[in-house]
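Structure, as structure tokens:
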Amino acid sequence: MATGAREAAQARGKWLVSGPPILYLLVFFAAPTLIMAAASLRTPGEFGGLAPLVDEAGKLDLNFDSFARFFTEPVYLEVFVKSVIFATATTVLCLLIAYPLASVIATSPKRVRSLLLLLVILPFWSNFLIRIYAWMIILGPNAALARGVNGMLAWFGAGPVPLLFSSFAVLVCLVYVHLPFMVLPLYANLEKHDPALLDAAQDLGAHAWQRFWRITFPLSLPGVYAGAALVFIPALGIFAIPDLLGGPNDTLIGNLIKQQFLETRDWPFGSVLSIVLTVAALALAGLAAWFGQRATRARALVDA
Amino acid sequence: MRKRRITLAKVAAAFGYAFLYLPLVIVVVYSFNDSRLNAEWVGFTLNWYRTLFADDDMLVAARNSLVIGLCASAVSTVLGTMAGFAMHRWKTRVLPILVLTPIAIPEILVGVSLLIFFVLLNFTLGLVSVAIAHIAFCIGFVAIVVRARMAGMDESLTEAARDCGATPWQAFRYVTLPLIMPGVIAGALMAFTLSIDDFVITFFTAGAGTVTLPLQIYSMIKIAVTPEVNAVSTLLMLLTLLLIVIASRLSPSLLRSQESTP
């Protein structure tokens, strides 16, 4: 009897505490997401937004027209493929730059470690637009970099190339903005490595490269996959970077979504694009988690 | 042999740090440059800061950002602390999914779905809609920090309070809350920073008439590069830096919070 009352009080407490945040997120996150998913099956309204759910003839407005449009007009698939290529290139470049950073931090003395880590994270906390703006300055036509590069090109008899408003600018900035997301999980993984393994390999005659490629790198795979997911997903949906740094051909899926909602006001098609983006992002995150788990299991075998 | 590899990694890491900081340093340095073009150093001036503080649009934007940031961090700290507490205490399944998904998916999705939602409900876009949107993604960050703090807490203290006859509320108010306070404050500072800095979600939920600092910066750099943007960027970076250093002092686990995001 007493325990029953106490359990009831426990359950009440649980709902009192977890209820408000759950309710808030159901209303302002889950519901809008579901509404957007439903909007993909509707017809765009005459003046933007959605057409009435039931028209004058009493016909329900539900169709796959917007989905069909995405899959039949090659220009949209092209933009999607381009977005995947940009996000993949960003992920690979981030990995190449982040690996030495993370391993130097992980092998540095304990007292400077948190400072070095903080130094990687701080730029991430500075405003996103400021970080884009910085590259507008660096790559600008009057800046030293552009003048140097074009001076060199002229020396070889090649014409001047614009650095700003190009795919190059978009890629550099994508890498810049997402780098901390790769360093953190890599560091968290590398920090746990047992240095005795490397010493043992060295005693057995392994070269530096062999020690890295056959021991450190395979052991760090869970961190690599986690970092790849953290970089790839936001990079796939980006719109501000191509918007501000890209040329006319650098439209990515994020720009297309923005266009549908704010300019063309074709909500159903914008929703289709958003769903494609979500599915692609979730699929890749799932894949990364699966690979990560496999790698963790392999690691557990080594540890045992 | 081994030593050489480490040196090579160190050189690469130094380049990495230079890559991270050089762009920000350039923004700051050119904010004091006596030239309209952000191209080369001409001479020292504070003119761009004077222009900034005489720019009414910018001041309105700054006030809006401040109001939204304060509201969003206040509400999301309360809700996020509840969520973090519940996630630690009861190991619920729904809550982590609801709390973490908004920060794990591309931001643009949160922005456009809220835009549809507000417009369909005939909810006027403005300060309130932006604050509501910011709260939705800040809850997760606060919850992560608070949960990390709770995980490092000695559970037996709360039990002792209960055994001494404290009600669950008293045990929370006088034992748990003071212990997790550094985490709660760190979460609040983080939420404030995220709100002040947010561009993507604000861009979709602000409507035509409302401008925040990032939206103002966006419309300025969309047209041309001007050192006034360098000046506002420098001040914004200083503010963020200050808040984040304080927050990471209060809650060292903040440095790791990104890992638990996916």
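To be explicit about the labels: the chains of the structure tokens are called A, B, and onward in the order shown, and within each one the residues are counted from 1, while ligands get numbers from 1 in the order they are shown.
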Near chain B, which residues of chain A fall within 6 Å when you count only C-alpha atoms, and what do they look like as a compact mmCIF listing (two decimals) with N, CA, C and O atoms, in the first residue's frame?
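Saved file out.txt follows:
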```txt
# COMPACT_ATOMS: atom_id res chain seq x y z
N VAL A 17 8.31 16.66 -14.14
CA VAL A 17 9.61 17.18 -14.56
C VAL A 17 9.83 17.04 -16.06
O VAL A 17 10.27 17.96 -16.73
N SER A 18 9.51 15.85 -16.61
CA SER A 18 9.80 15.66 -18.03
C SER A 18 8.67 16.16 -18.92
O SER A 18 8.88 16.37 -20.11
N PRO A 21 9.28 20.00 -20.86
CA PRO A 21 10.14 19.99 -22.06
C PRO A 21 9.59 19.11 -23.17
O PRO A 21 9.70 19.47 -24.35
N PRO A 32 5.75 20.82 -36.11
CA PRO A 32 6.15 21.50 -37.36
C PRO A 32 6.82 20.54 -38.36
O PRO A 32 6.58 20.65 -39.56
N THR A 33 7.64 19.61 -37.85
CA THR A 33 8.31 18.67 -38.75
C THR A 33 7.28 17.80 -39.46
O THR A 33 7.38 17.57 -40.68
N MET A 36 5.43 19.75 -42.05
CA MET A 36 6.23 19.92 -43.25
C MET A 36 6.20 18.66 -44.10
O MET A 36 6.08 18.72 -45.33
N PRO A 100 46.10 15.46 -37.61
CA PRO A 100 47.29 15.90 -36.87
C PRO A 100 46.96 16.78 -35.67
O PRO A 100 47.57 16.62 -34.61
N LEU A 101 45.96 17.65 -35.82
CA LEU A 101 45.57 18.50 -34.69
C LEU A 101 45.16 17.65 -33.50
O LEU A 101 45.67 17.82 -32.39
N SER A 126 32.51 31.52 -32.37
CA SER A 126 32.35 32.85 -32.93
C SER A 126 31.29 32.77 -34.02
O SER A 126 31.08 31.72 -34.61
N ASN A 127 30.65 33.90 -34.27
CA ASN A 127 29.48 33.89 -35.14
C ASN A 127 29.76 33.29 -36.52
O ASN A 127 30.78 33.57 -37.15
N ALA A 134 35.00 36.59 -42.97
CA ALA A 134 36.47 36.58 -42.95
C ALA A 134 37.01 36.07 -44.29
O ALA A 134 37.97 36.62 -44.83
N ASN A 142 40.86 42.37 -54.13
CA ASN A 142 41.92 43.33 -53.83
C ASN A 142 42.89 42.82 -52.78
O ASN A 142 43.88 43.46 -52.47
N ALA A 143 42.58 41.65 -52.19
CA ALA A 143 43.41 41.15 -51.11
C ALA A 143 44.72 40.57 -51.65
O ALA A 143 44.84 40.24 -52.83
N PRO A 185 35.57 14.65 -31.74
CA PRO A 185 35.43 13.20 -31.58
C PRO A 185 36.75 12.45 -31.82
O PRO A 185 37.01 11.45 -31.16
N ALA A 208 57.39 4.08 -38.59
CA ALA A 208 56.43 5.08 -38.13
C ALA A 208 55.13 4.97 -38.92
O ALA A 208 54.03 4.97 -38.36
N PRO A 234 25.64 18.66 -41.22
CA PRO A 234 25.41 20.09 -41.41
C PRO A 234 25.91 20.61 -42.75
O PRO A 234 25.30 21.50 -43.34
N GLY A 237 23.37 20.46 -45.62
CA GLY A 237 22.22 21.36 -45.63
C GLY A 237 22.57 22.83 -45.66
O GLY A 237 21.70 23.68 -45.51
```
Enumerate, as an mmCIF file with C-alpha atoms, in the first residue's frame, the complete set of residues in segment 26-152 of chain A that a backbone-based DSSP assignment places in strand (DSSP E or B).
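Just written: part20.cif:
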```cif
data_model
loop_
_atom_site.group_PDB
_atom_site.id
_atom_site.type_symbol
_atom_site.label_atom_id
_atom_site.label_comp_id
_atom_site.auth_asym_id
_atom_site.auth_seq_id
_atom_site.Cartn_x
_atom_site.Cartn_y
_atom_site.Cartn_z
ATOM 1 C CA PRO A 44 1.132 24.880 -53.969
ATOM 2 C CA GLU A 46 -2.097 30.347 -55.970
ATOM 3 C CA GLY A 48 2.267 30.806 -52.249
ATOM 4 C CA GLY A 49 1.741 28.489 -49.307
ATOM 5 C CA LEU A 50 -0.670 25.602 -49.824
ATOM 6 C CA VAL A 54 -10.460 20.206 -49.944
ATOM 7 C CA LEU A 60 -8.944 16.012 -51.337
#
```
Surrounding residues of Ile132 of chain A excluding itself and chain neighbours under 6 positions, 8 Å, only C-alpha atoms, as a list in words: Cys173, Ile241, Leu244 and Leu245 of chain A
Selection from above, N, CA, C and O atoms, as a PDB file, in the first residue's frame, can you write it?
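The new file out_14.pdb reads:
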```
ATOM      1  N   CYS A 173      35.574  27.500 -47.162  1.00  0.00           N
ATOM      2  CA  CYS A 173      34.797  27.975 -46.026  1.00  0.00           C
ATOM      3  C   CYS A 173      34.030  26.830 -45.355  1.00  0.00           C
ATOM      4  O   CYS A 173      33.899  26.794 -44.134  1.00  0.00           O
ATOM      5  N   ILE A 241      26.764  29.685 -46.972  1.00  0.00           N
ATOM      6  CA  ILE A 241      28.107  29.744 -47.566  1.00  0.00           C
ATOM      7  C   ILE A 241      28.050  29.862 -49.091  1.00  0.00           C
ATOM      8  O   ILE A 241      28.643  30.776 -49.661  1.00  0.00           O
ATOM      9  N   LEU A 244      26.787  33.344 -50.067  1.00  0.00           N
ATOM     10  CA  LEU A 244      27.662  34.515 -49.925  1.00  0.00           C
ATOM     11  C   LEU A 244      28.991  34.374 -50.650  1.00  0.00           C
ATOM     12  O   LEU A 244      29.576  35.364 -51.066  1.00  0.00           O
ATOM     13  N   LEU A 245      29.495  33.130 -50.792  1.00  0.00           N
ATOM     14  CA  LEU A 245      30.830  32.946 -51.370  1.00  0.00           C
ATOM     15  C   LEU A 245      30.811  32.276 -52.729  1.00  0.00           C
ATOM     16  O   LEU A 245      31.818  32.253 -53.424  1.00  0.00           O
TER      17      LEU A 245
END
```
Return as a ChimeraX atom specification the full set of residues in segment 99-146 of chain B whose backbone-based DSSP assignment is helix (DSSP H, G or I). /B:99-104,107-120,127-146
Could you list, as a PyMOL selection string, every residue within 8 Å of His193 of chain A, counting only C-alpha atoms and ignoring same-chain residues fewer than 2 positions away? chain A and resi 189-191+195+216+219
For the residues selected in the previous step, produce a file with all heavy atoms as an mmCIF file, in the first residue's frame.
```cif
data_model
loop_
_atom_site.group_PDB
_atom_site.id
_atom_site.type_symbol
_atom_site.label_atom_id
_atom_site.label_comp_id
_atom_site.auth_asym_id
_atom_site.auth_seq_id
_atom_site.Cartn_x
_atom_site.Cartn_y
_atom_site.Cartn_z
ATOM 1 N N ASN A 189 38.720 10.067 -29.039
ATOM 2 C CA ASN A 189 39.130 8.691 -29.302
ATOM 3 C C ASN A 189 40.635 8.522 -29.079
ATOM 4 O O ASN A 189 41.074 7.617 -28.363
ATOM 5 C CB ASN A 189 38.745 8.329 -30.741
ATOM 6 C CG ASN A 189 39.307 6.993 -31.153
ATOM 7 O OD1 ASN A 189 40.502 6.891 -31.415
ATOM 8 N ND2 ASN A 189 38.463 5.985 -31.182
ATOM 9 N N LEU A 190 41.431 9.404 -29.697
ATOM 10 C CA LEU A 190 42.893 9.248 -29.658
ATOM 11 C C LEU A 190 43.437 9.347 -28.233
ATOM 12 O O LEU A 190 44.440 8.734 -27.891
ATOM 13 C CB LEU A 190 43.557 10.317 -30.535
ATOM 14 C CG LEU A 190 43.359 10.146 -32.041
ATOM 15 C CD1 LEU A 190 43.861 11.365 -32.786
ATOM 16 C CD2 LEU A 190 44.065 8.895 -32.531
ATOM 17 N N GLU A 191 42.739 10.132 -27.399
ATOM 18 C CA GLU A 191 43.188 10.325 -26.031
ATOM 19 C C GLU A 191 43.213 8.998 -25.269
ATOM 20 O O GLU A 191 44.012 8.810 -24.369
ATOM 21 C CB GLU A 191 42.242 11.321 -25.340
ATOM 22 C CG GLU A 191 42.724 11.822 -24.015
ATOM 23 C CD GLU A 191 41.575 12.165 -23.100
ATOM 24 O OE1 GLU A 191 40.421 11.810 -23.420
ATOM 25 O OE2 GLU A 191 41.835 12.789 -22.059
ATOM 26 N N PRO A 195 49.666 4.055 -25.245
ATOM 27 C CA PRO A 195 50.942 4.242 -25.955
ATOM 28 C C PRO A 195 51.787 2.976 -25.976
ATOM 29 O O PRO A 195 52.661 2.823 -26.840
ATOM 30 C CB PRO A 195 51.617 5.368 -25.163
ATOM 31 C CG PRO A 195 50.873 5.506 -23.889
ATOM 32 C CD PRO A 195 49.508 4.957 -24.095
ATOM 33 N N THR A 216 47.353 2.930 -34.961
ATOM 34 C CA THR A 216 46.626 4.138 -34.561
ATOM 35 C C THR A 216 45.370 4.342 -35.394
ATOM 36 O O THR A 216 44.277 4.522 -34.858
ATOM 37 C CB THR A 216 47.539 5.381 -34.699
ATOM 38 O OG1 THR A 216 48.738 5.121 -34.001
ATOM 39 C CG2 THR A 216 46.876 6.608 -34.130
ATOM 40 N N LEU A 219 42.408 1.884 -34.875
ATOM 41 C CA LEU A 219 41.821 2.076 -33.549
ATOM 42 C C LEU A 219 41.008 3.373 -33.476
ATOM 43 O O LEU A 219 40.102 3.505 -32.666
ATOM 44 C CB LEU A 219 42.910 2.102 -32.477
ATOM 45 C CG LEU A 219 43.516 0.746 -32.124
ATOM 46 C CD1 LEU A 219 44.601 0.926 -31.081
ATOM 47 C CD2 LEU A 219 42.449 -0.209 -31.614
#
```
Quick one: residues within 12 Å of Ala229 of chain A, only C-alpha atoms counted, chain neighbours fewer than 6 positions away excluded, as a ChimeraX atom specification? /A:87-88,90-92,94-95,178,181-182,185-186,222-223,235-236,280-292 /B:104-106,259,261-262
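Across the structure, atom CA of Phe192 of chain B and atom CA of Gln259 of chain A are spaced 29.3 Å apart.
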Point out the residue among B:Ala148, B:Leu213, B:Ala62, B:Ala186 with the least atom-to-atom distance to Thr77 of chain B, counting only C-alpha atoms. B:Ala186
At a cut-off of 7 Å, using only C-alpha atoms, what residues contact segment 164-168 of chain A? Leave out same-chain residues fewer than 3 positions from it and give the result as number ranges by chain. A: 136, 139-140, 171-172, 245-247, 250
Ser35 of chain B environment, 10 Å, only C-alpha atoms, sequence neighbours closer than 5 positions dropped, as a ChimeraX atom specification: /B:30,40-45,47-48,226-227
